[in-house]
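Chemist: Next comes query-v5.cif, mmCIF, C-alpha atoms (C1' of nucleotides):
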```cif
data_start
loop_
_atom_site.label_atom_id
_atom_site.label_comp_id
_atom_site.auth_asym_id
_atom_site.auth_seq_id
_atom_site.Cartn_x
_atom_site.Cartn_y
_atom_site.Cartn_z
CA MET A 249 -58.64 62.21 -40.19
CA ILE A 250 -61.51 64.26 -38.86
CA THR A 251 -63.91 65.25 -41.60
CA LYS A 252 -66.32 68.13 -41.90
CA GLN A 253 -69.08 65.52 -41.68
CA ASP A 254 -67.80 64.27 -38.30
CA ILE A 255 -67.81 67.81 -36.99
CA ASP A 256 -71.18 68.77 -38.44
CA PHE A 257 -72.65 65.60 -36.99
CA ALA A 258 -71.38 66.53 -33.54
CA ILE A 259 -72.60 70.13 -33.88
CA ASN A 260 -76.01 68.85 -34.84
CA ALA A 261 -76.05 66.38 -31.99
CA ASN A 262 -75.12 69.18 -29.60
CA ARG A 263 -78.08 71.16 -30.92
CA LYS A 264 -80.38 68.22 -30.23
CA LEU A 265 -78.88 67.85 -26.76
CA LYS A 266 -79.73 71.46 -26.04
CA GLU A 267 -83.30 70.79 -27.11
CA GLU A 268 -83.35 68.40 -24.19
CA SER A 269 -81.73 71.01 -21.97
CA ILE A 270 -78.46 69.15 -21.83
CA ILE A 271 -75.38 71.32 -22.27
CA LEU A 272 -71.99 69.73 -22.77
CA SER A 273 -70.98 70.57 -19.21
CA ASN A 274 -73.77 68.32 -17.95
CA LEU A 275 -73.25 65.45 -20.34
CA SER A 276 -72.47 62.18 -18.61
CA SER A 277 -71.85 58.68 -19.83
CA THR A 278 -75.41 57.62 -19.00
CA LYS A 279 -77.02 60.63 -20.63
CA PHE A 280 -74.84 60.17 -23.70
CA ARG A 281 -75.90 56.55 -24.17
CA GLU A 282 -79.55 57.37 -23.61
CA PHE A 283 -79.35 60.23 -26.08
CA THR A 284 -77.58 58.33 -28.87
CA LYS A 285 -79.96 55.42 -28.51
CA ASN A 286 -83.17 57.46 -28.45
CA ARG A 287 -82.38 60.35 -30.74
CA LEU A 288 -79.76 58.99 -33.11
CA GLY A 289 -80.44 55.27 -33.11
CA ILE A 290 -76.84 54.55 -32.17
CA GLU A 291 -76.01 51.93 -29.56
CA ALA A 292 -72.88 53.23 -27.87
CA LYS A 293 -70.44 50.65 -26.52
CA LYS A 294 -69.40 50.57 -22.87
CA VAL A 295 -65.64 50.36 -23.09
CA ARG A 296 -62.83 51.32 -20.75
CA ILE A 297 -60.48 53.45 -22.79
CA SER A 298 -57.43 52.07 -20.95
CA SER A 299 -58.22 48.61 -22.25
CA MET A 300 -57.77 49.87 -25.81
CA LYS A 301 -54.19 51.06 -25.46
CA ASN A 302 -51.84 49.75 -28.14
CA THR A 303 -54.64 49.22 -30.63
CA LYS A 304 -54.98 50.89 -34.02
CA THR A 305 -58.32 52.39 -33.00
CA TYR A 306 -56.78 53.98 -29.93
CA ASP A 307 -54.05 55.58 -32.03
CA ASN A 308 -56.52 56.88 -34.62
CA LEU A 309 -58.75 58.20 -31.91
CA LEU A 310 -55.89 60.19 -30.43
CA LEU A 311 -54.87 61.53 -33.83
CA ASP A 312 -58.44 62.69 -34.41
CA ALA A 313 -58.55 64.34 -31.01
CA ARG A 314 -55.30 66.19 -31.70
CA GLU A 315 -56.63 67.35 -35.03
CA LEU A 316 -59.76 68.69 -33.38
CA PHE A 317 -57.64 70.50 -30.84
CA GLU A 318 -55.61 72.05 -33.64
CA LEU A 319 -58.84 73.17 -35.30
CA GLY A 320 -59.64 75.12 -32.16
CA TYR A 321 -62.01 72.82 -30.29
CA GLY A 322 -61.71 72.06 -26.59
CA THR A 323 -62.08 68.94 -24.53
CA LYS A 324 -65.86 69.04 -24.20
CA PHE A 325 -66.53 69.24 -27.89
CA ILE A 326 -63.72 66.79 -28.65
CA SER A 327 -65.29 64.36 -26.20
CA LEU A 328 -68.66 64.63 -27.95
CA CYS A 329 -67.29 64.41 -31.47
CA ILE A 330 -64.99 61.45 -30.81
CA SER A 331 -67.59 59.64 -28.73
CA LEU A 332 -70.05 59.89 -31.60
CA LYS A 333 -67.51 58.90 -34.22
CA TYR A 334 -66.26 55.86 -32.30
CA LYS A 335 -69.68 55.08 -30.82
CA MET A 336 -68.41 54.91 -27.25
CA TYR A 337 -68.43 57.56 -24.56
CA ILE A 338 -65.04 58.96 -23.66
CA HIS A 339 -64.92 61.52 -20.89
CA THR A 340 -63.34 64.95 -21.24
CA ILE A 341 -60.68 64.23 -18.63
CA PHE A 342 -59.13 61.64 -20.92
CA PHE A 343 -58.58 64.28 -23.60
CA HIS A 344 -57.50 66.76 -21.01
CA LYS A 345 -54.71 64.40 -20.08
CA THR A 346 -53.70 63.09 -23.49
CA VAL A 347 -53.97 66.06 -25.85
CA GLN A 348 -51.26 68.68 -25.97
CA LYS A 349 -52.51 71.94 -24.52
CA ASN A 350 -50.35 74.58 -26.17
CA ARG A 351 -52.57 76.19 -28.78
CA LEU A 352 -50.07 78.94 -29.48
CA SER A 353 -47.62 76.44 -30.96
CA PHE A 354 -50.05 75.78 -33.81
CA VAL A 355 -50.51 79.39 -34.86
CA ILE A 356 -46.96 80.74 -35.04
CA ASN A 357 -45.92 79.96 -38.58
CA ASP A 358 -43.57 82.18 -40.57
CA SER A 359 -43.37 80.03 -43.67
CA ILE A 360 -47.07 80.19 -44.45
CA PHE A 361 -46.63 83.86 -45.34
CA ASN A 362 -44.72 82.83 -48.47
CA GLN A 363 -47.99 81.82 -50.09
CA LEU A 364 -49.92 85.06 -49.68
CA ASP A 365 -51.07 87.06 -52.68
CA VAL A 366 -53.35 89.57 -50.97
CA ILE A 367 -52.64 91.89 -48.04
CA CYS A 368 -55.39 93.95 -46.45
CA LYS A 369 -55.23 96.43 -43.62
CA GLY A 370 -56.65 95.08 -40.39
CA ARG A 371 -56.81 95.88 -36.69
CA LEU A 372 -56.63 93.81 -33.57
CA PHE A 373 -58.73 95.15 -30.74
CA TYR A 374 -59.59 94.12 -27.22
CA ASN A 375 -63.21 93.61 -26.24
CA ARG A 376 -63.42 94.35 -22.56
CA ILE A 377 -66.78 92.70 -22.00
CA ALA A 378 -66.07 89.60 -23.99
CA ARG A 379 -62.51 89.68 -22.63
CA GLY A 380 -61.05 88.67 -25.90
CA ILE A 381 -58.98 90.02 -28.74
CA PHE A 382 -60.45 90.18 -32.22
CA LEU A 383 -59.36 90.97 -35.74
CA SER A 384 -61.36 93.33 -37.87
CA PHE A 385 -60.75 94.09 -41.54
CA LYS A 386 -62.57 95.07 -44.68
CA CYS A 387 -62.79 93.15 -47.89
CA LYS A 388 -66.07 93.46 -49.76
CA PRO A 389 -65.99 90.13 -51.66
CA LEU A 390 -65.08 88.20 -48.51
CA TYR A 391 -67.73 90.04 -46.53
CA ASN A 392 -70.41 89.07 -49.03
CA LEU A 393 -69.18 85.50 -49.13
CA SER A 394 -69.37 85.09 -45.37
CA LYS A 395 -72.80 86.69 -45.33
CA ASN A 396 -74.15 83.81 -47.38
CA GLU A 397 -72.29 80.85 -45.93
CA ARG A 398 -70.20 79.88 -42.96
CA VAL A 399 -66.58 80.41 -43.93
CA GLY A 400 -64.34 78.53 -41.52
CA VAL A 401 -60.76 79.75 -41.16
CA LYS A 402 -57.56 78.99 -39.32
CA ILE A 403 -55.31 81.86 -38.34
CA PHE A 404 -51.52 82.08 -38.19
CA TYR A 405 -49.16 84.75 -36.89
CA ASP A 406 -45.60 85.59 -37.89
CA THR A 407 -43.07 85.62 -35.07
CA PRO A 408 -43.00 89.42 -34.58
CA GLY A 409 -46.81 89.47 -34.57
CA ASN A 410 -47.20 92.09 -37.29
CA LYS A 411 -48.99 89.86 -39.74
CA ILE A 412 -51.88 87.46 -39.55
CA PHE A 413 -52.62 84.83 -42.20
CA ILE A 414 -56.13 83.52 -42.67
CA LYS A 415 -56.45 80.11 -44.25
CA ARG A 416 -59.79 78.65 -45.20
CA ASP A 417 -60.68 75.43 -43.40
CA ASP A 418 -64.36 74.82 -42.95
CA ARG A 419 -63.68 72.32 -40.19
CA SER A 420 -62.23 75.04 -38.00
CA SER A 421 -63.99 76.30 -34.90
CA LYS A 422 -63.35 79.83 -36.13
CA SER A 423 -65.22 81.50 -38.92
CA LEU A 424 -65.50 84.85 -40.61
CA VAL A 425 -68.19 86.86 -38.86
CA CYS A 426 -70.01 89.70 -40.58
CA GLY A 427 -69.74 92.73 -38.34
CA TYR A 428 -71.57 96.00 -38.81
CA SER A 429 -69.51 96.82 -41.86
CA ASP A 430 -66.43 94.70 -41.54
CA ILE A 431 -65.29 91.13 -41.07
CA ILE A 432 -64.52 90.00 -37.52
CA ILE A 433 -62.48 86.96 -36.55
CA SER A 434 -61.61 86.02 -33.02
CA ALA A 435 -57.85 86.34 -32.83
CA SER A 436 -57.09 83.80 -30.15
CA PRO A 437 -54.73 82.31 -29.33
CA ILE A 438 -52.86 85.58 -29.10
CA PRO A 439 -49.05 85.79 -29.13
CA LYS A 440 -47.91 87.04 -25.72
CA ASN A 441 -46.35 90.31 -26.86
CA THR A 442 -49.46 91.34 -28.78
CA GLU A 443 -51.62 90.43 -25.83
CA LYS A 444 -49.53 92.66 -23.60
CA ILE A 445 -50.05 95.67 -25.86
CA LEU A 446 -53.79 95.20 -26.10
CA LYS A 447 -54.52 94.22 -22.53
CA PHE A 448 -52.10 96.61 -20.88
CA ASN A 449 -55.00 98.54 -19.47
CA LYS A 450 -58.22 96.63 -19.61
CA ASN A 451 -60.26 99.79 -19.14
CA ILE A 452 -58.95 101.39 -22.29
CA TYR A 453 -59.89 100.17 -25.71
CA THR A 454 -56.84 100.09 -27.87
CA SER A 455 -56.10 98.63 -31.22
CA LYS A 456 -53.08 97.46 -33.11
CA ASN A 457 -52.72 97.59 -36.86
CA ILE A 458 -51.91 94.30 -38.47
CA ASP A 459 -51.53 93.05 -42.05
CA VAL A 460 -54.21 90.54 -42.95
CA CYS A 461 -52.75 88.10 -45.47
CA PHE A 462 -54.42 85.38 -47.49
CA GLU A 463 -54.64 83.71 -50.86
CA ALA A 464 -57.53 84.94 -53.00
CA ASP A 465 -57.76 81.50 -54.53
CA ASP A 466 -58.38 79.96 -51.12
CA PHE A 467 -61.76 81.70 -50.93
CA GLY A 468 -62.66 81.16 -54.56
CA PHE A 469 -61.57 84.56 -55.87
CA ASP A 470 -59.09 85.72 -58.41
CA LYS A 471 -56.77 88.28 -56.86
CA THR A 472 -57.99 90.84 -59.39
CA ASP A 473 -61.53 90.45 -58.01
CA LEU A 474 -60.23 91.98 -54.81
CA ILE A 475 -59.15 95.31 -56.28
CA ASP A 476 -61.23 97.77 -54.32
CA ASP A 477 -61.73 100.54 -56.83
CA LYS A 478 -64.34 99.77 -59.47
CA ASN A 479 -62.48 101.39 -62.37
CA ALA A 480 -59.13 99.98 -61.33
CA ARG A 481 -60.68 96.53 -61.30
CA LYS A 482 -61.76 97.03 -64.91
CA LEU A 483 -58.42 98.45 -65.99
CA TYR A 484 -56.00 95.99 -64.43
CA PRO A 485 -56.76 92.91 -66.59
CA HIS A 486 -55.73 94.93 -69.65
CA LEU A 487 -52.57 96.17 -67.97
CA GLN A 488 -51.76 92.58 -67.10
CA LYS A 489 -51.50 91.82 -70.82
CA TYR A 490 -48.69 94.37 -71.04
CA GLY A 491 -46.78 92.64 -68.26
CA PHE A 492 -47.78 94.77 -65.29
CA ILE A 493 -47.93 92.91 -61.99
CA LEU A 494 -50.41 93.71 -59.25
CA GLU A 495 -49.03 94.61 -55.83
CA LYS A 496 -50.03 92.25 -53.04
CA LYS A 497 -51.05 95.03 -50.76
CA ARG A 498 -54.64 95.96 -51.35
CA ILE A 499 -55.55 99.63 -51.68
CA THR A 500 -58.87 100.43 -50.09
CA CYS A 501 -60.82 103.63 -50.24
CA SER A 502 -59.45 104.55 -46.84
CA ASP A 503 -55.95 104.92 -48.28
CA ARG A 504 -56.79 108.30 -49.70
CA SER A 505 -53.24 109.29 -50.45
CA CYS A 506 -52.19 106.00 -52.00
CA GLY A 507 -54.03 106.05 -55.31
CA ASP A 508 -56.28 103.32 -56.63
CA LEU A 509 -53.90 100.78 -58.12
CA HIS A 510 -50.29 99.83 -57.39
CA ILE A 511 -48.52 97.85 -60.11
CA TYR A 512 -45.00 96.85 -61.07
CA ARG A 513 -43.17 96.33 -64.34
CA ASN A 514 -39.44 95.73 -64.83
CA GLY A 515 -38.84 96.43 -61.16
CA LYS A 516 -40.49 99.83 -61.32
CA LYS A 517 -43.53 100.72 -59.29
CA TYR A 518 -46.40 102.71 -60.70
CA ILE A 519 -49.33 104.25 -58.88
CA ILE A 520 -52.50 104.81 -60.82
CA GLU A 521 -55.29 107.06 -59.67
CA ILE A 522 -58.53 106.98 -61.59
CA SER A 523 -61.26 109.55 -61.10
CA ASN A 524 -64.32 109.78 -63.22
CA VAL A 525 -65.12 113.25 -61.97
CA PHE A 526 -68.03 113.77 -64.32
CA GLU A 527 -69.78 110.54 -63.48
CA SER A 528 -72.82 112.58 -62.54
CA PRO A 529 -72.63 115.83 -64.54
CA PRO A 530 -73.33 119.07 -62.68
CA THR A 531 -76.79 120.51 -63.07
CA ASP A 532 -77.25 123.98 -64.46
CA LYS A 533 -78.21 125.55 -61.17
CA ASN A 534 -75.10 124.94 -59.10
CA TYR A 535 -72.95 125.08 -62.18
CA HIS A 536 -70.13 127.21 -60.75
CA SER A 537 -69.81 125.58 -57.37
CA ALA A 538 -69.84 122.16 -59.05
CA TYR A 539 -66.88 123.02 -61.28
CA ASN A 540 -65.07 124.57 -58.35
CA ARG A 541 -65.58 121.43 -56.37
CA ILE A 542 -64.34 119.24 -59.18
CA ARG A 543 -61.25 121.40 -59.66
CA ASP A 544 -60.46 121.27 -55.95
CA ASN A 545 -61.04 117.57 -55.91
CA ILE A 546 -58.60 116.97 -58.77
CA LEU A 547 -55.96 119.35 -57.46
CA GLY A 548 -56.26 117.83 -54.01
CA LYS A 549 -55.67 114.36 -55.37
CA ILE A 550 -52.73 115.42 -57.49
CA THR A 551 -51.12 117.30 -54.61
CA ARG A 552 -51.60 114.57 -52.02
CA ILE A 553 -50.57 111.66 -54.13
CA CYS A 554 -47.60 113.39 -55.77
CA LEU A 555 -46.34 114.76 -52.50
CA LEU A 556 -46.65 111.60 -50.46
CA ASN A 557 -45.49 108.90 -52.88
CA LYS A 558 -42.04 108.45 -54.34
CA CYS A 559 -42.67 106.56 -57.54
CA ASN A 560 -44.18 107.00 -60.98
CA ILE A 561 -47.71 108.25 -60.74
CA ILE A 562 -50.30 108.26 -63.48
CA PHE A 563 -53.59 110.08 -63.20
CA ILE A 564 -56.55 109.10 -65.28
CA PHE A 565 -59.21 111.76 -65.44
CA ASN A 566 -62.22 112.55 -67.48
CA LYS A 567 -61.64 114.10 -70.87
CA THR A 568 -64.03 116.90 -69.99
CA LEU A 569 -61.19 118.20 -67.85
CA GLU A 570 -60.01 120.07 -70.92
CA ASP A 571 -63.09 122.20 -70.48
CA LYS A 572 -62.08 125.78 -69.83
CA LYS A 573 -64.32 125.93 -66.77
CA ILE A 574 -61.91 123.71 -64.87
CA ILE A 575 -58.68 125.28 -65.99
CA ASN A 576 -58.01 128.46 -64.09
CA GLU A 577 -54.75 130.06 -63.01
CA ASP A 578 -54.39 127.99 -59.84
CA PHE A 579 -54.96 124.83 -61.79
CA VAL A 580 -52.23 125.64 -64.29
CA ARG A 581 -49.74 126.46 -61.51
CA VAL A 582 -50.34 123.21 -59.63
CA ILE A 583 -50.02 121.17 -62.81
CA GLU A 584 -46.80 122.94 -63.71
CA HIS A 585 -45.44 122.36 -60.25
CA PHE A 586 -46.05 118.61 -60.04
CA LYS A 587 -46.00 117.77 -63.77
CA PRO A 588 -48.12 114.65 -63.28
CA ASN A 589 -48.61 112.03 -65.96
CA LEU A 590 -52.12 112.70 -67.15
CA ILE A 591 -54.25 110.44 -69.27
CA LEU A 592 -57.64 111.77 -70.26
CA THR A 593 -60.41 109.43 -71.29
CA THR A 594 -64.10 109.55 -72.05
CA PHE A 595 -64.89 106.58 -69.77
CA ASN A 596 -67.08 105.36 -72.63
CA ASP A 597 -67.26 101.64 -73.40
CA GLY A 598 -63.82 100.19 -73.99
CA TRP A 599 -61.93 103.02 -72.23
CA GLU A 600 -59.91 100.54 -70.22
CA LYS A 601 -58.34 99.03 -73.33
CA GLU A 602 -57.24 102.40 -74.72
CA VAL A 603 -55.99 103.62 -71.37
CA ALA A 604 -54.00 100.44 -70.75
CA ASN A 605 -52.30 100.92 -74.09
CA GLU A 606 -51.54 104.55 -73.27
CA ILE A 607 -50.01 103.53 -69.96
CA HIS A 608 -47.95 100.91 -71.76
CA GLN A 609 -46.64 103.52 -74.22
CA LEU A 610 -46.03 106.06 -71.47
CA THR A 611 -43.93 103.73 -69.34
CA LYS A 612 -41.88 101.99 -72.05
"C1'" DC B 90 -66.10 105.15 -43.61
"C1'" DC B 91 -63.10 104.42 -39.51
"C1'" DC B 92 -62.75 103.28 -35.19
"C1'" DC B 93 -64.70 102.20 -30.87
"C1'" DT B 94 -68.18 100.12 -27.50
"C1'" DC B 95 -71.39 96.81 -25.47
"C1'" DA B 96 -73.39 92.05 -24.61
"C1'" DA B 97 -75.24 86.97 -23.90
"C1'" DG B 98 -74.23 82.44 -23.67
"C1'" DG B 99 -71.79 78.57 -23.26
"C1'" DG B 100 -67.60 76.00 -23.94
"C1'" DG B 101 -62.57 75.61 -22.03
"C1'" DC B 102 -59.66 74.51 -18.34
"C1'" DT B 103 -58.63 72.92 -13.91
"C1'" DT B 104 -59.16 70.58 -9.64
"C1'" DA B 105 -61.48 68.07 -5.80
"C1'" DT B 106 -63.73 64.04 -4.66
"C1'" DG B 107 -65.54 59.68 -4.89
"C1'" DA B 108 -66.82 55.43 -7.51
"C1'" DG B 109 -65.30 51.29 -9.82
"C1'" DC C 34 -54.88 52.90 -9.72
"C1'" DT C 35 -58.12 54.47 -13.39
"C1'" DC C 36 -62.00 56.82 -14.60
"C1'" DA C 37 -66.42 59.72 -13.85
"C1'" DT C 38 -68.66 63.68 -12.22
"C1'" DA C 39 -69.39 68.18 -10.51
"C1'" DA C 40 -68.16 72.84 -9.74
"C1'" DG C 41 -66.35 77.33 -10.70
"C1'" DC C 42 -63.77 80.72 -12.84
"C1'" DC C 43 -61.85 81.99 -17.27
"C1'" DC C 44 -62.00 82.54 -22.09
"C1'" DC C 45 -63.95 82.34 -26.78
"C1'" DT C 46 -67.57 82.90 -30.25
"C1'" DT C 47 -71.18 85.33 -32.17
"C1'" DG C 48 -73.41 89.42 -32.84
"C1'" DA C 49 -75.26 94.36 -32.59
"C1'" DG C 50 -74.85 99.44 -32.35
"C1'" DG C 51 -73.03 104.17 -32.80
"C1'" DG C 52 -70.11 108.65 -32.64
"C1'" DG C 53 -67.29 111.60 -35.30
#
```
Just give me the structure of the file as structure tokens.
Modeler:
Amino acid sequence: MITKQDIDFAINANRKLKEESIILSNLSSTKFREFTKNRLGIEAKKVRISSMKNTKTYDNLLLDARELFELGYGTKFISLCISLKYKMYIHTIFFHKTVQKNRLSFVINDSIFNQLDVICKGRLFYNRIARGIFLSFKCKPLYNLSKNERVGVKIFYDTPGNKIFIKRDDRSSKSLVCGYSDIIISASPIPKNTEKILKFNKNIYTSKNIDVCFEADDFGFDKTDLIDDKNARKLYPHLQKYGFILEKKRITCSDRSCGDLHIYRNGKKYIIEISNVFESPPTDKNYHSAYNRIRDNILGKITRICLLNKCNIIFIFNKTLEDKKIINEDFVRVIEHFKPNLILTTFNDGWEKEVANEIHQLTK
DNA sequence: CCCCTCAAGGGGCTTATGAG
DNA sequence: CTCATAAGCCCCTTGAGGGG
């Protein structure tokens, strides 16, 4: 079993090697022994690996090497890590010959998708300069987590290549990388069909949408922490008490026509859209334009969401909506056309409790 | 915000060649 | 025959920046 300590030790040693201008490509048996003796105080044995065949150590050593390969490391790093762990230099060619080289076989895994409880929208894209394919997706809590610490992950694909599962494993060679505003993970090894789509023309940047699946728990979150909308995040725990179940698919602010919260009860799906339209009340000066904007905003949401979704939809708006300044003729006609479920609230302390109860009553 | 673009550096993989 | 080393191209990781 390769531990995080084994790997960190090797990473550190590699750093020290670089201080002496030795990169792994230049590491030789002599340099390794000199280095371990002088910098680490380790006396490495001089052993011919072939003489160890059929010993327990040899078997363990190979198991460790295979595990490292599965974690995404290559022969040079494996050579360093194993050499340090077993205190004897073993050249890269040995691992090249003994470790299975099909990385793809480790990452195709359909059954792992049974565990997921969160799905986010992601994209795979090809980076022409780096000549690699990468995954990019947004998830605020994960982004903040990986900003503060290295979050190692393994990735898995389903057979059709439409979904990618990320599983935390801090030993992995891959980690979540904070991009400009999103999380980036290198997506290799890439299933062949996906690779074809993205590398079809190397001069054109293309991307492919993909579902990013994971378990919230795996990264230390509750799945309700990952609800994107602030108000929906407050409301859901109270709905949960009434037996509503959160959809796995995460709604982000980019899904403008999807509402804020998707939940199920008794096999029925409900979409909830929450808008605190008076969060910052209009000032006296632009009084009229402000109310016009709010009216358009509300009508736009009602129209889009009602038109594009085929399930029960509940809108939660500010109670001030009853104000005559919002209700004009157009407003009345749109409301009469779509007949949306409307719940009005003050958004004062404790609103989420009252609203959850209203939703419960409304959907009985 | 969404989607796209650019980049450095070094390990990964493979093979030839020679030493032990 | 086994193992070590070097060399070279390929690929992966990490990271930044910006237009619309």
Chemist: For DT103 of chain B, work out the shell of residues within 12 Å, counting all atoms listed in the file and skipping chain neighbours fewer than 2 positions away, then give it as an NGL selection string.
Modeler: (:A and (323 or 340-341 or 344-345)) or (:B and (101 or 105)) or (:C and (40-43))
Chemist: Selection in question (the file shown): the PyMOL selection byres ((chain B) within 8 of (chain A)). Which residues does it include, as a PyMOL selection string?
Modeler: chain B and resi 90+93+95-96+100-101
Chemist: For segment 35-52 of chain C, what centre and edge lengths in Å (one decimal) does the axis-aligned box get once 8 Å is added on each side of all its listed atoms, as lines of an AutoDock Vina configuration file?
Modeler:
```
center_x = -66.7
center_y = 81.6
center_z = -21.3
size_x = 33.1
size_y = 70.2
size_z = 39.1
```
Chemist: Translate the PyMOL selection byres ((chain A and resi 608-611) around 12) into a concrete residue list for this structure, as number ranges by chain.
Modeler: A: 484, 486-492, 511-514, 516-519, 560-563, 589-591, 601-607, 612
Chemist: Using only C-alpha atoms (C1' of nucleotides), which chain A residues lie at most 8 Å away from chain C, written as a ChimeraX atom specification?
Modeler: /A:276,298,339,379-380,422,425,427-428,434,436
Chemist: Give me, please, the distance in Å between atom CA of Ile522 of chain A and atom CA of Lys369 of chain A, quoted to one decimal.
Modeler: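 One can read the atom CA of Ile522 of chain A to atom CA of Lys369 of chain A distance as 21.1 Å.
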Chemist: Please, what distance in Å, to one decimal, runs between atom CA of Lys471 of chain A and atom CA of Ile438 of chain A?
Modeler: 28.2 Å
Chemist: So how far away is atom CA of Leu332 of chain A from atom C1' of DT106 of chain B, in Å?
Modeler: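 It comes out at 28.0 Å.
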Chemist: Can you list, as a list in words, the residues that the PyMOL selection byres ((chain A and resi 472) around 10) selects here?
Modeler: Val366, Ala464, Phe469, Asp470, Lys471, Asp473, Leu474, Ile475, Asp476, Ala480, Arg481, Lys482, Tyr484, Pro485 and Leu494 of chain A
Chemist: Applying 7 Å and only C-alpha atoms (C1' of nucleotides), which residues near segment 406-421 of chain A remain after dropping the ones on its own chain fewer than 5 positions away? List them as a ChimeraX atom specification.
Modeler: /A:252,255,319-321,356-358,361,399-401,439,442,458-462,466-467
Chemist: Which one is closest to Thr551 of chain A: A:Lys567, A:Lys573, A:His585, A:Arg263? Count all atoms listed in the file.
Modeler: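 Checking each candidate against Thr551 of chain A, we get A:His585 as the closest.
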